[in-house]
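See below for the structure under consideration.
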There are 2 protein chains.
Amino acid sequence: MMKQVSIGIDVGGTNTVFGVVDKEGNVMVKDTIPTPKHGNIEQYINDVTASINELIKSVTLLNADIEIMGIGIGAPNGNYYTGAIEFAPNLSFRGVVPLAKLLREKFDLPAIALTNDANAAALGEMIYGGAKHMKNFVMITLGTGLGSGIVVNGEVVYGHDGFAGEIGHTTVIPEGRDCGCGQKGHLETYCSAPGMKRTAFELLAKRNATNSLLANYSFNELESKAIYDAAVKGDEIALEVFEVTGHILGRTLADTVAYLSPEAIFLFGGPTAAGDYIFKPTKDYMEKYTLPIFKNKVKILPSQLKSGDAAIVGASALVWKELEK
Amino acid sequence: MMKQVSIGIDVGGTNTVFGVVDKEGNVMVKDTIPTPKHGNIEQYINDVTASINELIKSVTLLNADIEIMGIGIGAPNGNYYTGAIEFAPNLSFRGVVPLAKLLREKFDLPAIALTNDANAAALGEMIYGGAKHMKNFVMITLGTGLGSGIVVNGEVVYGHDGFAGEIGHTTVIPEGRDCGCGQKGHLETYCSAPGMKRTAFELLAKRNATNSLLANYSFNELESKAIYDAAVKGDEIALEVFEVTGHILGRTLADTVAYLSPEAIFLFGGPTAAGDYIFKPTKDYMEKYTLPIFKNKVKILPSQLKSGDAAIVGASALVWKELEK
């Protein structure tokens, strides 16, 4: 019997990663190429095509009865409706890159589609992970930025123009911290990994905490892993970073609940490795700030996607979602 | 040829209003009964039933070829999934009132359904009003409170438990003004009609504005109409109230755009009678605060529903939406 698989591609600022994924979300083979630094899209498409062909060849060697059902692509500023990467500030491509269309010219497969990376993560959670039986949930990806994917009635919310789901760019502290997008006080500036570092430095300054373990790092050295390690050792500044991060994230998720009334909110990404240090204050503050009709109803859950392969796996989920139609 | 009509019911804190509405959104006949002050639900259902039967009789007298397609109900804390009013703080009914079910026992009609009042307004806009050809939009109702109805892919977003769409209860100023729900700093406390009054009193105090036209009103006397009248006369405090209201509403709608990427946001209710005084700063600040990918894409529009009958008309729209299924 033929085994159906899909190909997931994640376009990152540094690398583009590929994988062949089975229906249970296992990555069978994978590959990486650099994302170009100088915006040469023709060369990039050729490299991507060669890499996909290599993957197909090697997975077919493993198992002759493989049927490739399609290619799903996750990319920053990826627009599902147009299948294009549009004006992505962290990629070298200029303007609009119709990646799905360009790959359809290279591969004749049942489904080739593109979305942004956080929507891909939400699809991964829905197809393979903890949201398998959920119709209404939100995925929050904590990393260099803070991304989100919103699912309503079993469908990712793309909105009128394809760019819905940017909870990281909602204002949580009016006139607050500078955000990379040019605005101020956005959730991303507080609750992403760099946001936690900024909180640590604010608290070091506020508390004049010369004894903190975090007082020995430069701004460019400190990473969220070090904050976690210090918290485990009982460092008060590090513990307060998690408290502040959970406070702002929890309060914002209470707003998310007011908008969408989801069954659950999944958290994904590096900072979630801190477990209860981040989940407990986030949940507690969400409950504190949520409307009475929503209290004790909405779950905050860790993503079930394995962190190493999540980007590939999430992108591959788009194929199965397309084939449902 | 039979003319199909629907019945709209709006359950308010003081009165329950009824109307028979044609497919163009015109109210053919209407009626009002008091909403009970002491929570007697059996008596209320009998009164509602009698009033509906009267309406059907009178509309049939007007036109013998009338076909009643159903009853749509808009109510505070109305839950579409259960058809019940659930724990509504401003109504005298205790707990859960399964109004749709109780009316189904009285009337044998193709569709009897219930939702909250702001969702009903959104449906009214979609079926009869300015959102006829839109699949993704948001309705904001400005009145005693601030309600919202969210439409994604042509469907009202109810969420997991039926209560989605409470943008009025998202935090816009952390630890800000007391909200009736028990929380602080919610949009409703700034941008509803009473919110504008609170802003006026804050500004009078801040500016020590003894010369303002608004300085002659007590807190209990001042209504948003008087703020508008003063603004038209060039009163600086009144003008600043609109500026502040539009600033906070516009910034929050930029968040709404980040969540949902709607085609348009409709504003409905008393304060919108102020026209450009409220629409212009709201639009300007939404554009100022919105992400680059959304700039100059999202319309802010006045609702096309006639204010007097909008609650009835909105509720009646639920019937046509049900019959689409």
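The way I read the labels, and the way they are meant: chains A, B, ... in the order of the structure tokens, residue 1 as the first residue of every chain, and ligand 1 as the first ligand shown, with later ones counted on from there.
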
Do a neighbour search on stretch 296-309 of chain B at 7 Å with only C-alpha atoms, toss out local chain neighbours closer than 3 positions, and write the hits as a PyMOL selection string.
chain B and resi 125+129-130+262-269+283+287+312-313

Hey, can you spit out that residue selection with N, CA and C atoms as a CSV table (one decimal), in the first residue's frame?
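What follows is the written file out-v1.csv:
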```csv
chain,number,residue,atom,x,y,z
B,125,GLU,N,-25.8,44.1,9.5
B,125,GLU,CA,-24.9,44.8,8.6
B,125,GLU,C,-24.6,43.9,7.4
B,129,GLY,N,-27.1,45.6,5.3
B,129,GLY,CA,-26.4,46.9,5.4
B,129,GLY,C,-25.2,47.0,4.5
B,130,GLY,N,-24.2,47.6,5.1
B,130,GLY,CA,-23.0,48.0,4.3
B,130,GLY,C,-22.0,46.8,4.1
B,262,PRO,N,-9.5,42.6,8.9
B,262,PRO,CA,-10.8,42.7,8.3
B,262,PRO,C,-10.8,43.6,7.1
B,263,GLU,N,-11.8,43.5,6.2
B,263,GLU,CA,-11.9,44.4,5.1
B,263,GLU,C,-12.4,45.8,5.6
B,264,ALA,N,-13.3,45.8,6.6
B,264,ALA,CA,-13.8,47.1,7.1
B,264,ALA,C,-14.2,46.9,8.6
B,265,ILE,N,-14.2,48.0,9.3
B,265,ILE,CA,-14.7,48.0,10.7
B,265,ILE,C,-15.9,49.0,10.6
B,266,PHE,N,-17.1,48.6,11.0
B,266,PHE,CA,-18.2,49.4,11.1
B,266,PHE,C,-18.4,49.9,12.5
B,267,LEU,N,-18.8,51.2,12.6
B,267,LEU,CA,-19.1,51.8,13.9
B,267,LEU,C,-20.6,52.1,13.9
B,268,PHE,N,-21.2,51.7,15.0
B,268,PHE,CA,-22.7,51.9,15.2
B,268,PHE,C,-23.0,52.5,16.5
B,269,GLY,N,-24.1,53.2,16.6
B,269,GLY,CA,-24.6,53.7,17.9
B,269,GLY,C,-24.5,55.2,18.1
B,283,LYS,N,-10.0,56.9,12.6
B,283,LYS,CA,-9.3,56.5,11.4
B,283,LYS,C,-7.8,56.9,11.4
B,287,GLU,N,-4.6,54.3,11.5
B,287,GLU,CA,-3.6,54.3,10.5
B,287,GLU,C,-2.2,54.5,11.1
B,312,ILE,N,-33.9,45.4,16.3
B,312,ILE,CA,-34.8,44.5,15.7
B,312,ILE,C,-34.3,43.9,14.4
B,313,VAL,N,-33.8,44.8,13.6
B,313,VAL,CA,-33.4,44.4,12.2
B,313,VAL,C,-32.2,43.5,12.3
```

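Residue-level contacts from chain B to chain A at 7 Å, counting only C-alpha atoms, read B:Asn136, B:Val152, B:Gly159, B:His160, B:Asp161, B:Phe163, B:Ala164, B:Gly165, B:Glu166, B:Ile167, B:His169, B:Thr170, B:Thr171, B:Cys181, B:Gln183, B:Asp255, B:Ala258, B:Tyr259, B:Leu260, B:Ser261, B:Pro262, B:Glu263, B:Tyr289, B:Leu291.
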
Create the file for the chosen residues now, containing C-alpha atoms and written as an mmCIF file, in the first residue's frame.
```
data_model
loop_
_atom_site.group_PDB
_atom_site.id
_atom_site.type_symbol
_atom_site.label_atom_id
_atom_site.label_comp_id
_atom_site.auth_asym_id
_atom_site.auth_seq_id
_atom_site.Cartn_x
_atom_site.Cartn_y
_atom_site.Cartn_z
ATOM 1 C CA ASN B 136 -14.346 39.589 6.902
ATOM 2 C CA VAL B 152 -14.592 35.762 9.503
ATOM 3 C CA GLY B 159 -15.634 30.678 19.537
ATOM 4 C CA HIS B 160 -15.525 27.535 21.606
ATOM 5 C CA ASP B 161 -18.282 28.427 24.047
ATOM 6 C CA PHE B 163 -19.087 34.221 23.771
ATOM 7 C CA ALA B 164 -16.379 35.424 21.376
ATOM 8 C CA GLY B 165 -16.302 39.046 20.215
ATOM 9 C CA GLU B 166 -15.918 41.022 23.446
ATOM 10 C CA ILE B 167 -13.486 43.664 22.176
ATOM 11 C CA HIS B 169 -13.500 44.080 27.398
ATOM 12 C CA THR B 170 -9.908 44.102 26.185
ATOM 13 C CA THR B 171 -7.348 46.105 28.148
ATOM 14 C CA CYS B 181 -17.118 43.777 34.570
ATOM 15 C CA GLN B 183 -11.573 44.585 35.559
ATOM 16 C CA ASP B 255 -4.889 45.768 17.336
ATOM 17 C CA ALA B 258 -3.559 42.773 13.637
ATOM 18 C CA TYR B 259 -5.776 39.972 14.977
ATOM 19 C CA LEU B 260 -8.218 39.711 12.105
ATOM 20 C CA SER B 261 -7.213 41.673 9.013
ATOM 21 C CA PRO B 262 -10.809 42.699 8.273
ATOM 22 C CA GLU B 263 -11.950 44.425 5.085
ATOM 23 C CA TYR B 289 -0.726 52.580 14.898
ATOM 24 C CA LEU B 291 1.406 47.607 10.913
#
```

Please identify the strand (DSSP E) residues within stretch 124-229 of chain A (assignment by DSSP from backbone atoms) and present them as number ranges by chain.
A: 137-142, 146-152, 155-156

I need the residues from that last selection saved to file as a PDB file, in the first residue's frame (with N, CA and C atoms), if you can.
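Once everything was written out, this is part_12.pdb:
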```pdb
ATOM      1  N   PHE A 137      -8.771  27.449  18.453  1.00  0.00           N
ATOM      2  CA  PHE A 137      -7.612  27.589  19.329  1.00  0.00           C
ATOM      3  C   PHE A 137      -6.655  28.636  18.754  1.00  0.00           C
ATOM      4  N   VAL A 138      -5.681  28.993  19.581  1.00  0.00           N
ATOM      5  CA  VAL A 138      -4.684  29.988  19.173  1.00  0.00           C
ATOM      6  C   VAL A 138      -3.302  29.415  19.455  1.00  0.00           C
ATOM      7  N   MET A 139      -2.401  29.621  18.514  1.00  0.00           N
ATOM      8  CA  MET A 139      -1.014  29.199  18.665  1.00  0.00           C
ATOM      9  C   MET A 139      -0.162  30.442  18.847  1.00  0.00           C
ATOM     10  N   ILE A 140       0.645  30.454  19.913  1.00  0.00           N
ATOM     11  CA  ILE A 140       1.564  31.569  20.141  1.00  0.00           C
ATOM     12  C   ILE A 140       2.977  31.020  20.032  1.00  0.00           C
ATOM     13  N   THR A 141       3.779  31.579  19.118  1.00  0.00           N
ATOM     14  CA  THR A 141       5.161  31.121  18.969  1.00  0.00           C
ATOM     15  C   THR A 141       6.097  32.173  19.550  1.00  0.00           C
ATOM     16  N   LEU A 142       6.837  31.737  20.581  1.00  0.00           N
ATOM     17  CA  LEU A 142       7.765  32.629  21.269  1.00  0.00           C
ATOM     18  C   LEU A 142       9.167  32.333  20.768  1.00  0.00           C
ATOM     19  N   LEU A 146       7.397  37.263  18.248  1.00  0.00           N
ATOM     20  CA  LEU A 146       6.250  36.572  18.846  1.00  0.00           C
ATOM     21  C   LEU A 146       5.190  36.460  17.761  1.00  0.00           C
ATOM     22  N   GLY A 147       5.014  35.223  17.261  1.00  0.00           N
ATOM     23  CA  GLY A 147       4.040  35.003  16.191  1.00  0.00           C
ATOM     24  C   GLY A 147       2.776  34.377  16.724  1.00  0.00           C
ATOM     25  N   SER A 148       1.728  34.401  15.909  1.00  0.00           N
ATOM     26  CA  SER A 148       0.497  33.744  16.341  1.00  0.00           C
ATOM     27  C   SER A 148      -0.278  33.240  15.143  1.00  0.00           C
ATOM     28  N   GLY A 149      -0.969  32.142  15.356  1.00  0.00           N
ATOM     29  CA  GLY A 149      -1.875  31.600  14.358  1.00  0.00           C
ATOM     30  C   GLY A 149      -3.216  31.373  15.027  1.00  0.00           C
ATOM     31  N   ILE A 150      -4.273  31.844  14.396  1.00  0.00           N
ATOM     32  CA  ILE A 150      -5.617  31.775  14.978  1.00  0.00           C
ATOM     33  C   ILE A 150      -6.441  30.776  14.181  1.00  0.00           C
ATOM     34  N   VAL A 151      -7.079  29.838  14.877  1.00  0.00           N
ATOM     35  CA  VAL A 151      -7.963  28.886  14.207  1.00  0.00           C
ATOM     36  C   VAL A 151      -9.389  29.074  14.731  1.00  0.00           C
ATOM     37  N   VAL A 152     -10.311  29.321  13.808  1.00  0.00           N
ATOM     38  CA  VAL A 152     -11.729  29.499  14.128  1.00  0.00           C
ATOM     39  C   VAL A 152     -12.526  28.508  13.284  1.00  0.00           C
ATOM     40  N   GLU A 155     -10.597  26.407  10.807  1.00  0.00           N
ATOM     41  CA  GLU A 155      -9.842  27.015   9.710  1.00  0.00           C
ATOM     42  C   GLU A 155      -8.908  28.100  10.243  1.00  0.00           C
ATOM     43  N   VAL A 156      -7.701  28.181   9.679  1.00  0.00           N
ATOM     44  CA  VAL A 156      -6.814  29.290  10.025  1.00  0.00           C
ATOM     45  C   VAL A 156      -7.463  30.596   9.569  1.00  0.00           C
TER      46      VAL A 156
END
```

What separation in Å, quoted to one decimal, exists between atom CA of A:Leu249 and atom CA of A:Gly74?
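These two atoms are separated by 24.6 Å.
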
Using only C-alpha atoms, which of B:Leu62, B:Ile71, B:Val97, B:Val5 sits nearest B:Ile45?
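Residue with the minimum atom-to-atom distance to B:Ile45: B:Val97.
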
Would you mind listing what lies within 8 Å of B:Gly246 as a list in words, with only C-alpha atoms counted and same-chain residues fewer than 4 positions away left out?
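Here the qualifying residues turn out to be Cys191, Phe242, Gly250, Ile278, Phe279, Lys280, Pro281, Thr282, Lys283 and Tyr285 of chain B.
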
With N, CA and C atoms retained, write the just-selected residues as a compact mmCIF listing (two decimals), in the first residue's frame.
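Final output, again_2.txt:
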```txt
# COMPACT_ATOMS: atom_id res chain seq x y z
N CYS B 191 -14.37 54.37 25.47
CA CYS B 191 -14.93 54.70 24.15
C CYS B 191 -16.43 54.45 24.02
N PHE B 242 -13.27 64.09 21.85
CA PHE B 242 -13.31 63.30 20.61
C PHE B 242 -11.91 62.85 20.20
N GLY B 250 -8.94 54.19 17.94
CA GLY B 250 -8.13 53.93 16.74
C GLY B 250 -6.95 53.02 17.03
N ILE B 278 -15.86 61.94 15.46
CA ILE B 278 -15.40 60.65 15.99
C ILE B 278 -14.69 59.81 14.92
N PHE B 279 -15.21 59.84 13.67
CA PHE B 279 -14.63 58.96 12.64
C PHE B 279 -13.21 59.39 12.26
N LYS B 280 -12.99 60.72 12.17
CA LYS B 280 -11.69 61.16 11.66
C LYS B 280 -10.53 60.79 12.61
N PRO B 281 -10.62 61.15 13.91
CA PRO B 281 -9.49 60.74 14.76
C PRO B 281 -9.38 59.21 14.87
N THR B 282 -10.49 58.50 14.86
CA THR B 282 -10.42 57.05 14.95
C THR B 282 -9.65 56.48 13.76
N LYS B 283 -10.01 56.93 12.57
CA LYS B 283 -9.32 56.47 11.35
C LYS B 283 -7.85 56.88 11.36
N TYR B 285 -5.83 57.62 13.85
CA TYR B 285 -5.01 56.90 14.83
C TYR B 285 -4.91 55.42 14.48
```

Quick one: distance from atom CA of A:Arg177 to atom CA of A:Gly195 in Å, one decimal?
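Distance between the two atoms: 9.2 Å.
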
Between atom CA of A:Glu322 and atom CA of A:Asn63 - distance in Å to one decimal
24.4 Å

For A:Glu24, the nearest of the candidates A:Gly234, A:Gly176, A:Gly314, A:Pro98, counting only C-alpha atoms
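Counting only C-alpha atoms, the residue closest to A:Glu24 is A:Gly314.
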